[in-house]
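A.B. asks: Structure supplied as entry_32.txt; contents: compact mmCIF, C-alpha atoms.
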```
# COMPACT_ATOMS: atom_id res chain seq x y z
CA MET A 1 115.61 90.39 130.97
CA LYS A 2 113.18 91.60 128.33
CA TYR A 3 110.93 89.62 126.01
CA GLY A 4 110.18 90.25 122.35
CA ILE A 5 108.39 88.70 119.39
CA VAL A 6 109.98 87.74 116.07
CA GLN A 7 107.78 87.25 113.00
CA PHE A 8 108.87 85.43 109.85
CA THR A 9 107.01 87.91 107.66
CA SER A 10 105.59 87.01 104.27
CA ASP A 11 103.03 88.24 101.78
CA ARG A 12 100.49 85.70 102.98
CA GLY A 13 100.83 85.93 106.75
CA LEU A 14 99.26 88.21 109.33
CA PRO A 15 100.27 91.82 108.55
CA PRO A 16 103.17 92.79 110.85
CA ALA A 17 101.42 95.96 112.03
CA VAL A 18 98.43 93.92 113.21
CA ALA A 19 100.58 91.37 115.03
CA ALA A 20 102.93 93.96 116.53
CA LYS A 21 100.07 96.04 117.88
CA ALA A 22 98.75 92.92 119.62
CA ALA A 23 102.24 92.17 120.96
CA GLU A 24 102.57 95.67 122.39
CA GLU A 25 99.15 95.43 124.03
CA ALA A 26 100.21 92.12 125.60
CA GLY A 27 103.27 93.84 127.08
CA PHE A 28 106.14 92.61 124.91
CA ASP A 29 109.15 94.89 124.61
CA SER A 30 110.16 94.50 120.98
CA TYR A 31 109.13 93.25 117.55
CA TRP A 32 111.65 91.78 115.10
CA VAL A 33 111.37 91.03 111.37
CA PRO A 34 113.82 89.41 108.90
CA GLU A 35 115.13 90.29 105.45
CA HIS A 36 115.83 88.56 102.15
CA THR A 37 115.57 90.66 99.01
CA HIS A 38 115.23 87.51 96.88
CA ILE A 39 116.39 83.90 96.78
CA PRO A 40 118.40 82.75 93.76
CA VAL A 41 116.96 79.55 92.30
CA LYS A 42 120.41 78.06 91.72
CA ARG A 43 122.55 78.29 94.83
CA GLU A 44 125.91 77.05 96.06
CA ALA A 45 125.19 78.25 99.59
CA ALA A 46 123.82 75.64 101.98
CA HIS A 47 121.13 76.73 104.37
CA PRO A 48 122.59 76.57 107.91
CA GLY A 49 119.58 74.63 109.15
CA THR A 50 119.23 72.01 106.42
CA GLY A 51 122.88 71.80 105.39
CA SER A 52 121.84 71.79 101.72
CA GLU A 53 120.18 73.92 99.05
CA GLU A 54 116.82 72.91 100.50
CA LEU A 55 115.04 75.69 102.36
CA PRO A 56 113.12 74.82 105.53
CA ASP A 57 110.34 77.31 104.79
CA ASP A 58 109.05 78.89 101.58
CA ARG A 59 108.64 82.20 103.41
CA TYR A 60 112.29 82.81 102.53
CA LEU A 61 110.98 83.49 99.02
CA ARG A 62 108.20 85.77 100.26
CA THR A 63 109.80 87.92 102.97
CA LEU A 64 108.49 91.47 103.29
CA ASP A 65 110.80 94.46 103.17
CA PRO A 66 111.77 94.96 106.83
CA TRP A 67 111.90 98.75 106.84
CA VAL A 68 108.49 99.14 105.21
CA ALA A 69 107.09 96.57 107.66
CA LEU A 70 108.62 98.35 110.66
CA SER A 71 107.34 101.73 109.49
CA MET A 72 103.82 100.28 109.39
CA ILE A 73 104.35 98.96 112.91
CA ALA A 74 105.65 102.34 114.10
CA ALA A 75 102.46 104.01 112.89
CA VAL A 76 100.16 101.88 115.08
CA THR A 77 102.33 101.48 118.21
CA SER A 78 103.90 103.84 120.70
CA ARG A 79 106.28 101.84 122.86
CA ILE A 80 107.42 98.56 121.32
CA ARG A 81 110.97 98.48 119.93
CA LEU A 82 111.32 98.12 116.14
CA ALA A 83 114.06 95.69 115.19
CA THR A 84 115.42 93.33 112.55
CA ALA A 85 116.42 89.70 113.02
CA VAL A 86 118.20 90.01 110.81
CA ALA A 87 118.57 92.64 108.12
CA LEU A 88 121.22 92.45 105.40
CA PRO A 89 122.64 95.98 105.12
CA VAL A 90 125.19 95.07 102.45
CA GLU A 91 122.33 94.42 100.01
CA HIS A 92 121.56 98.16 99.99
CA ASP A 93 123.25 101.42 99.15
CA PRO A 94 124.64 102.51 102.54
CA ILE A 95 123.81 106.20 102.13
CA THR A 96 120.20 105.44 101.24
CA LEU A 97 119.89 102.82 104.00
CA ALA A 98 121.27 105.28 106.54
CA LYS A 99 118.54 107.72 105.52
CA THR A 100 115.84 105.05 105.84
CA ILE A 101 116.91 103.93 109.31
CA ALA A 102 117.47 107.48 110.56
CA THR A 103 114.02 108.49 109.34
CA LEU A 104 112.37 105.54 111.07
CA ASP A 105 114.20 106.24 114.33
CA HIS A 106 113.30 109.92 114.11
CA LEU A 107 109.62 109.33 113.40
CA SER A 108 109.23 106.49 115.92
CA GLY A 109 110.73 108.39 118.83
CA GLY A 110 114.02 106.49 118.94
CA ARG A 111 112.76 102.90 118.89
CA VAL A 112 114.96 101.25 116.23
CA SER A 113 117.50 98.46 116.71
CA LEU A 114 119.47 97.15 113.74
CA GLY A 115 119.99 93.42 113.90
CA ALA A 116 122.40 92.71 111.05
CA GLY A 117 123.66 89.53 109.45
CA PHE A 118 126.73 88.78 107.38
CA GLY A 119 124.49 86.75 105.05
CA TRP A 120 124.54 82.95 104.85
CA ASN A 121 123.16 83.06 101.30
CA ILE A 122 126.29 84.05 99.44
CA ASP A 123 124.51 83.66 96.09
CA GLU A 124 122.01 86.33 97.17
CA LEU A 125 124.90 88.60 98.20
CA THR A 126 126.67 87.97 94.89
CA HIS A 127 123.62 89.26 93.00
CA HIS A 128 124.11 92.49 94.96
CA GLY A 129 127.77 92.68 93.99
CA VAL A 130 129.14 91.65 97.40
CA PRO A 131 132.23 89.38 97.20
CA LYS A 132 131.59 86.38 99.43
CA ALA A 133 135.09 86.56 100.94
CA LYS A 134 134.56 90.24 101.83
CA ARG A 135 131.06 90.24 103.32
CA ARG A 136 132.28 90.95 106.86
CA THR A 137 134.54 93.74 105.67
CA VAL A 138 131.77 95.26 103.56
CA LEU A 139 129.35 95.17 106.50
CA ARG A 140 131.91 96.85 108.78
CA GLU A 141 132.43 99.65 106.27
CA TYR A 142 128.69 100.10 105.78
CA LEU A 143 128.09 100.41 109.51
CA GLU A 144 130.99 102.81 109.96
CA ALA A 145 129.82 104.95 107.03
CA MET A 146 126.22 105.01 108.26
CA GLU A 147 127.36 106.06 111.73
CA GLN A 148 129.20 108.99 110.17
CA LEU A 149 126.00 110.06 108.39
CA TRP A 150 123.95 109.58 111.56
CA SER A 151 126.21 111.41 113.98
CA ARG A 152 128.18 114.13 112.18
CA GLU A 153 127.05 117.46 110.83
CA GLU A 154 129.41 117.00 107.90
CA ALA A 155 129.94 113.31 107.26
CA GLU A 156 132.50 111.62 105.07
CA TYR A 157 133.89 108.13 104.72
CA HIS A 158 136.68 106.65 102.66
CA GLY A 159 136.92 102.87 102.51
CA ASP A 160 137.43 100.15 99.94
CA HIS A 161 133.70 99.51 99.52
CA VAL A 162 132.15 102.84 100.59
CA ASP A 163 133.60 106.18 99.61
CA PHE A 164 132.02 109.63 99.84
CA GLY A 165 133.24 113.14 100.55
CA PRO A 166 131.92 115.71 103.06
CA SER A 167 128.13 115.57 103.01
CA TRP A 168 125.05 116.75 104.88
CA ALA A 169 122.37 114.25 105.82
CA TRP A 170 119.34 114.74 108.03
CA PRO A 171 117.34 113.59 109.89
CA LYS A 172 119.70 112.18 112.46
CA PRO A 173 118.54 109.21 114.55
CA ILE A 174 117.36 110.15 118.00
CA GLN A 175 119.70 107.47 119.34
CA GLN A 176 123.26 108.71 119.10
CA PRO A 177 125.82 108.15 117.77
CA ARG A 178 123.97 105.23 116.15
CA VAL A 179 120.98 103.00 116.63
CA PRO A 180 121.97 99.84 118.54
CA VAL A 181 123.66 97.36 116.21
CA LEU A 182 123.46 93.65 116.99
CA VAL A 183 124.92 90.88 114.86
CA GLY A 184 123.02 87.66 114.21
CA ALA A 185 125.60 84.96 113.49
CA GLY A 186 127.01 81.75 114.90
CA GLY A 187 128.68 82.24 118.27
CA THR A 188 132.33 81.81 117.34
CA GLU A 189 135.51 83.57 118.39
CA LYS A 190 135.69 85.20 114.95
CA THR A 191 132.15 86.53 115.25
CA PHE A 192 132.70 87.82 118.78
CA ASN A 193 135.91 89.61 117.80
CA TRP A 194 133.94 91.31 115.03
CA ILE A 195 131.14 92.28 117.42
CA ALA A 196 133.55 93.62 120.03
CA ARG A 197 135.08 95.89 117.40
CA SER A 198 132.02 97.00 115.43
CA ALA A 199 128.68 96.26 117.12
CA ASP A 200 126.74 96.49 120.37
CA GLY A 201 125.69 92.90 120.85
CA TRP A 202 124.85 89.43 119.56
CA ILE A 203 121.69 87.68 118.36
CA THR A 204 121.84 83.90 118.56
CA THR A 205 120.97 81.84 115.50
CA PRO A 206 117.98 79.45 115.30
CA THR A 207 120.38 76.49 115.19
CA GLU A 208 122.44 77.60 118.21
CA GLY A 209 122.65 74.95 120.92
CA GLU A 210 123.83 75.64 124.45
CA ILE A 211 125.00 79.23 124.71
CA ASP A 212 126.53 79.33 128.21
CA ASP A 213 130.15 79.02 127.07
CA LYS A 214 129.51 81.28 124.09
CA VAL A 215 128.13 84.07 126.27
CA ALA A 216 131.18 83.79 128.52
CA LEU A 217 133.47 83.99 125.48
CA LEU A 218 131.64 87.04 124.13
CA LYS A 219 131.90 88.85 127.46
CA ARG A 220 135.59 88.02 127.77
CA THR A 221 136.25 89.18 124.19
CA TRP A 222 134.27 92.36 124.87
CA LYS A 223 136.38 93.24 127.92
CA GLU A 224 139.64 92.39 126.18
CA ALA A 225 138.69 94.78 123.37
CA GLY A 226 138.33 97.58 125.92
CA ARG A 227 134.57 97.96 125.55
CA GLU A 228 132.70 99.42 128.51
CA GLY A 229 129.65 97.81 130.08
CA ASP A 230 128.27 94.56 128.72
CA PRO A 231 127.16 93.53 125.23
CA GLN A 232 123.48 93.13 124.48
CA ILE A 233 122.64 89.45 124.06
CA VAL A 234 119.39 88.48 122.34
CA ALA A 235 118.48 84.80 122.40
CA LEU A 236 115.99 83.10 120.09
CA SER A 237 113.71 80.65 121.86
CA GLY A 238 110.94 78.21 121.08
CA LYS A 239 108.40 77.44 123.77
CA PRO A 240 109.34 78.94 127.14
CA ASP A 241 111.78 76.77 129.06
CA PHE A 242 111.75 78.41 132.47
CA ASP A 243 114.92 76.69 133.67
CA ALA A 244 116.74 77.92 130.57
CA LEU A 245 115.27 81.42 130.93
CA ALA A 246 116.45 81.67 134.53
CA ARG A 247 119.91 80.45 133.54
CA TRP A 248 120.09 82.87 130.60
CA GLU A 249 119.17 85.79 132.83
CA GLN A 250 121.98 84.88 135.21
CA LEU A 251 124.37 84.62 132.27
CA GLY A 252 123.52 88.15 131.16
CA VAL A 253 121.12 87.52 128.28
CA THR A 254 119.31 90.84 127.88
CA GLU A 255 116.34 89.74 125.78
CA VAL A 256 114.61 86.57 124.60
CA LEU A 257 112.56 86.37 121.39
CA PHE A 258 109.63 84.08 120.68
CA GLY A 259 108.13 83.29 117.30
CA PHE A 260 104.60 82.22 116.39
CA PRO A 261 102.91 80.22 113.62
CA GLU A 262 100.95 81.63 110.70
CA LYS A 263 97.49 81.98 112.20
CA GLY A 264 94.65 84.50 112.18
CA GLU A 265 94.50 87.70 114.19
CA GLN A 266 92.33 86.36 117.01
CA TRP A 267 94.48 83.27 117.52
CA VAL A 268 97.72 85.29 117.52
CA THR A 269 96.31 87.91 119.89
CA GLU A 270 95.18 85.26 122.34
CA TYR A 271 98.51 83.45 122.02
CA PHE A 272 100.47 86.61 122.85
CA HIS A 273 98.39 87.17 125.97
CA ARG A 274 98.79 83.53 127.05
CA LEU A 275 102.54 83.70 126.47
CA ALA A 276 102.82 87.01 128.30
CA GLY A 277 100.96 85.50 131.24
CA LYS A 278 103.34 82.55 131.41
CA LEU A 279 106.33 84.91 131.31
CA GLY A 280 104.91 87.23 133.96
CA ILE A 281 104.56 90.14 131.54
CA THR A 282 101.86 92.71 132.21
CA GLY A 283 100.45 94.72 129.31
```
Could you render the structure as structure tokens?
C.D. replies:
Amino acid sequence: MKYGIVQFTSDRGLPPAVAAKAAEEAGFDSYWVPEHTHIPVKREAAHPGTGSEELPDDRYLRTLDPWVALSMIAAVTSRIRLATAVALPVEHDPITLAKTIATLDHLSGGRVSLGAGFGWNIDELTHHGVPKAKRRTVLREYLEAMEQLWSREEAEYHGDHVDFGPSWAWPKPIQQPRVPVLVGAGGTEKTFNWIARSADGWITTPTEGEIDDKVALLKRTWKEAGREGDPQIVALSGKPDFDALARWEQLGVTEVLFGFPEKGEQWVTEYFHRLAGKLGITG
């Protein structure tokens, strides 16, 4: 089981490149950043954590662009995986986003993972022209279209929400036929059916409780869909709970992510090394 760091990026926090370089030096395997293009002031969507319009953290309003942040990280690291927890692909043009992700994977030596969300903030999606009842369908088409651009010499895609004729697009990602795609969403049968059809794994949500039964359901759904191997399972954690970590590893969790508070560079660097020591990670 691997260990990674997730940063709730903002325009006032420690620059992601600084924090990620420290995480790599401490021995962590991956670095994950989120995405919100904006937050509508008036919203119908309830935040999954608060159950209301109230946001638990004003960093939702201040989130950095994930792909710019990850490109900065790529420039100062050599090993750590570059990932999103989670990005919102449907808020972009899929052809342009495919180019961005392919370029980052190409320049970083094949280190990108795409953690994608359906989007809890339906008002945010609506501003991007995404019908709230179609967000899962739109995401599926985007991922399918991007894989065509990533993997085929002449790519084309014809769907209800993405439609383009035969086209050339380079660079291709080093990882073929696509960068790993993981979905961050509540662990339900509906979500797992979607993952088994269209993705490579699952990222738990911050509000997820016990995941034992959910992991079993995902694995069963995966096999029933005819997928080979096992899905990637990335679990969000608070402080290390070593009993839970041992249980998760037995269940087949492939990676656990830890966050950190907004502090200065020295504090964060020392924290990463302390955490790595507790987890038995060597830099």
A.B. asks: Go ahead and compute the interatomic distance for CA of Trp120 in chain A and CA of Ala46 in chain A, in Å to one decimal.
C.D. replies: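 Distance reported for this atom pair: 7.9 Å.
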A.B. asks: Which residue, A:Ile203, A:Leu114, A:Asn121, A:Ser108, has the smallest gap to Tyr60 in chain A when you use all atoms listed in the file?
C.D. replies: A:Asn121
A.B. asks: Identify which of the residues A:Asp212, A:Phe260, A:Thr221, A:Asp163 lies closest to Trp248 in chain A, counting all atoms listed in the file when measuring atom-to-atom distances.
C.D. replies: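 With all atoms listed in the file as the atom set, the closest residue is A:Asp212.
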A.B. asks: Identify the residues within 7 Å of coordinate (115.8, 83.3, 116.4) (same frame as the file), considering all atoms listed in the file, and give the answer as an mmCIF file with C-alpha atoms, in the frame of the given file.
C.D. replies:
```cif
data_model
loop_
_atom_site.group_PDB
_atom_site.id
_atom_site.type_symbol
_atom_site.label_atom_id
_atom_site.label_comp_id
_atom_site.auth_asym_id
_atom_site.auth_seq_id
_atom_site.Cartn_x
_atom_site.Cartn_y
_atom_site.Cartn_z
ATOM 1 C CA THR A 204 121.840 83.900 118.560
ATOM 2 C CA THR A 205 120.970 81.840 115.500
ATOM 3 C CA PRO A 206 117.980 79.450 115.300
ATOM 4 C CA ALA A 235 118.480 84.800 122.400
ATOM 5 C CA LEU A 236 115.990 83.100 120.090
ATOM 6 C CA SER A 237 113.710 80.650 121.860
ATOM 7 C CA LEU A 257 112.560 86.370 121.390
#
```
A.B. asks: Tell me, as a PyMOL selection string, which residues lie within 12 Å of Val68 in chain A, counting only C-alpha atoms; anything in the same chain fewer than 3 positions away does not count.
C.D. replies: chain A and resi 9+15-17+33-35+63-65+71-75+82-84+100-101+103-104
A.B. asks: Mind listing whatever residues come within 12 Å of the point (99.8, 92.9, 119.5)? Use only C-alpha atoms, file coordinates, and give them as a PDB file with C-alpha atoms, in the frame of the given file.
C.D. replies:
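Dumped everything to result.pdb:
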```pdb
ATOM      1  CA  GLY A   4     110.180  90.250 122.350  1.00  0.00           C
ATOM      2  CA  ILE A   5     108.390  88.700 119.390  1.00  0.00           C
ATOM      3  CA  VAL A   6     109.980  87.740 116.070  1.00  0.00           C
ATOM      4  CA  GLN A   7     107.780  87.250 113.000  1.00  0.00           C
ATOM      5  CA  LEU A  14      99.260  88.210 109.330  1.00  0.00           C
ATOM      6  CA  PRO A  15     100.270  91.820 108.550  1.00  0.00           C
ATOM      7  CA  PRO A  16     103.170  92.790 110.850  1.00  0.00           C
ATOM      8  CA  ALA A  17     101.420  95.960 112.030  1.00  0.00           C
ATOM      9  CA  VAL A  18      98.430  93.920 113.210  1.00  0.00           C
ATOM     10  CA  ALA A  19     100.580  91.370 115.030  1.00  0.00           C
ATOM     11  CA  ALA A  20     102.930  93.960 116.530  1.00  0.00           C
ATOM     12  CA  LYS A  21     100.070  96.040 117.880  1.00  0.00           C
ATOM     13  CA  ALA A  22      98.750  92.920 119.620  1.00  0.00           C
ATOM     14  CA  ALA A  23     102.240  92.170 120.960  1.00  0.00           C
ATOM     15  CA  GLU A  24     102.570  95.670 122.390  1.00  0.00           C
ATOM     16  CA  GLU A  25      99.150  95.430 124.030  1.00  0.00           C
ATOM     17  CA  ALA A  26     100.210  92.120 125.600  1.00  0.00           C
ATOM     18  CA  GLY A  27     103.270  93.840 127.080  1.00  0.00           C
ATOM     19  CA  PHE A  28     106.140  92.610 124.910  1.00  0.00           C
ATOM     20  CA  ASP A  29     109.150  94.890 124.610  1.00  0.00           C
ATOM     21  CA  SER A  30     110.160  94.500 120.980  1.00  0.00           C
ATOM     22  CA  TYR A  31     109.130  93.250 117.550  1.00  0.00           C
ATOM     23  CA  ILE A  73     104.350  98.960 112.910  1.00  0.00           C
ATOM     24  CA  VAL A  76     100.160 101.880 115.080  1.00  0.00           C
ATOM     25  CA  THR A  77     102.330 101.480 118.210  1.00  0.00           C
ATOM     26  CA  SER A  78     103.900 103.840 120.700  1.00  0.00           C
ATOM     27  CA  ARG A  79     106.280 101.840 122.860  1.00  0.00           C
ATOM     28  CA  ILE A  80     107.420  98.560 121.320  1.00  0.00           C
ATOM     29  CA  GLU A 265      94.500  87.700 114.190  1.00  0.00           C
ATOM     30  CA  GLN A 266      92.330  86.360 117.010  1.00  0.00           C
ATOM     31  CA  TRP A 267      94.480  83.270 117.520  1.00  0.00           C
ATOM     32  CA  VAL A 268      97.720  85.290 117.520  1.00  0.00           C
ATOM     33  CA  THR A 269      96.310  87.910 119.890  1.00  0.00           C
ATOM     34  CA  GLU A 270      95.180  85.260 122.340  1.00  0.00           C
ATOM     35  CA  TYR A 271      98.510  83.450 122.020  1.00  0.00           C
ATOM     36  CA  PHE A 272     100.470  86.610 122.850  1.00  0.00           C
ATOM     37  CA  HIS A 273      98.390  87.170 125.970  1.00  0.00           C
ATOM     38  CA  LEU A 275     102.540  83.700 126.470  1.00  0.00           C
ATOM     39  CA  ALA A 276     102.820  87.010 128.300  1.00  0.00           C
ATOM     40  CA  GLY A 283     100.450  94.720 129.310  1.00  0.00           C
TER      41      GLY A 283
END
```
A.B. asks: For range 71-119 of chain A versus range 124-133 of chain A, which residues have an atom no more than 9 Å away, and what is each residue's nearest atom pair and distance in Å rounded to one decimal, using only C-alpha atoms, chain-then-number order, as a Markdown table?
C.D. replies:
```
| residue | atom | partner | partner_atom | distance |
| --- | --- | --- | --- | --- |
| A:Leu88 | CA | A:Leu125 | CA | 9.0 |
| A:Val90 | CA | A:Val130 | CA | 7.3 |
| A:Glu91 | CA | A:His128 | CA | 5.7 |
| A:His92 | CA | A:His128 | CA | 8.0 |
| A:Gly119 | CA | A:Leu125 | CA | 7.1 |
```
A.B. asks: Can you write out the residues you just picked, keeping C-alpha atoms, as an mmCIF file, in the frame of the given file?
C.D. replies:
```cif
data_model
loop_
_atom_site.group_PDB
_atom_site.id
_atom_site.type_symbol
_atom_site.label_atom_id
_atom_site.label_comp_id
_atom_site.auth_asym_id
_atom_site.auth_seq_id
_atom_site.Cartn_x
_atom_site.Cartn_y
_atom_site.Cartn_z
ATOM 1 C CA LEU A 88 121.220 92.450 105.400
ATOM 2 C CA VAL A 90 125.190 95.070 102.450
ATOM 3 C CA GLU A 91 122.330 94.420 100.010
ATOM 4 C CA HIS A 92 121.560 98.160 99.990
ATOM 5 C CA GLY A 119 124.490 86.750 105.050
#
```
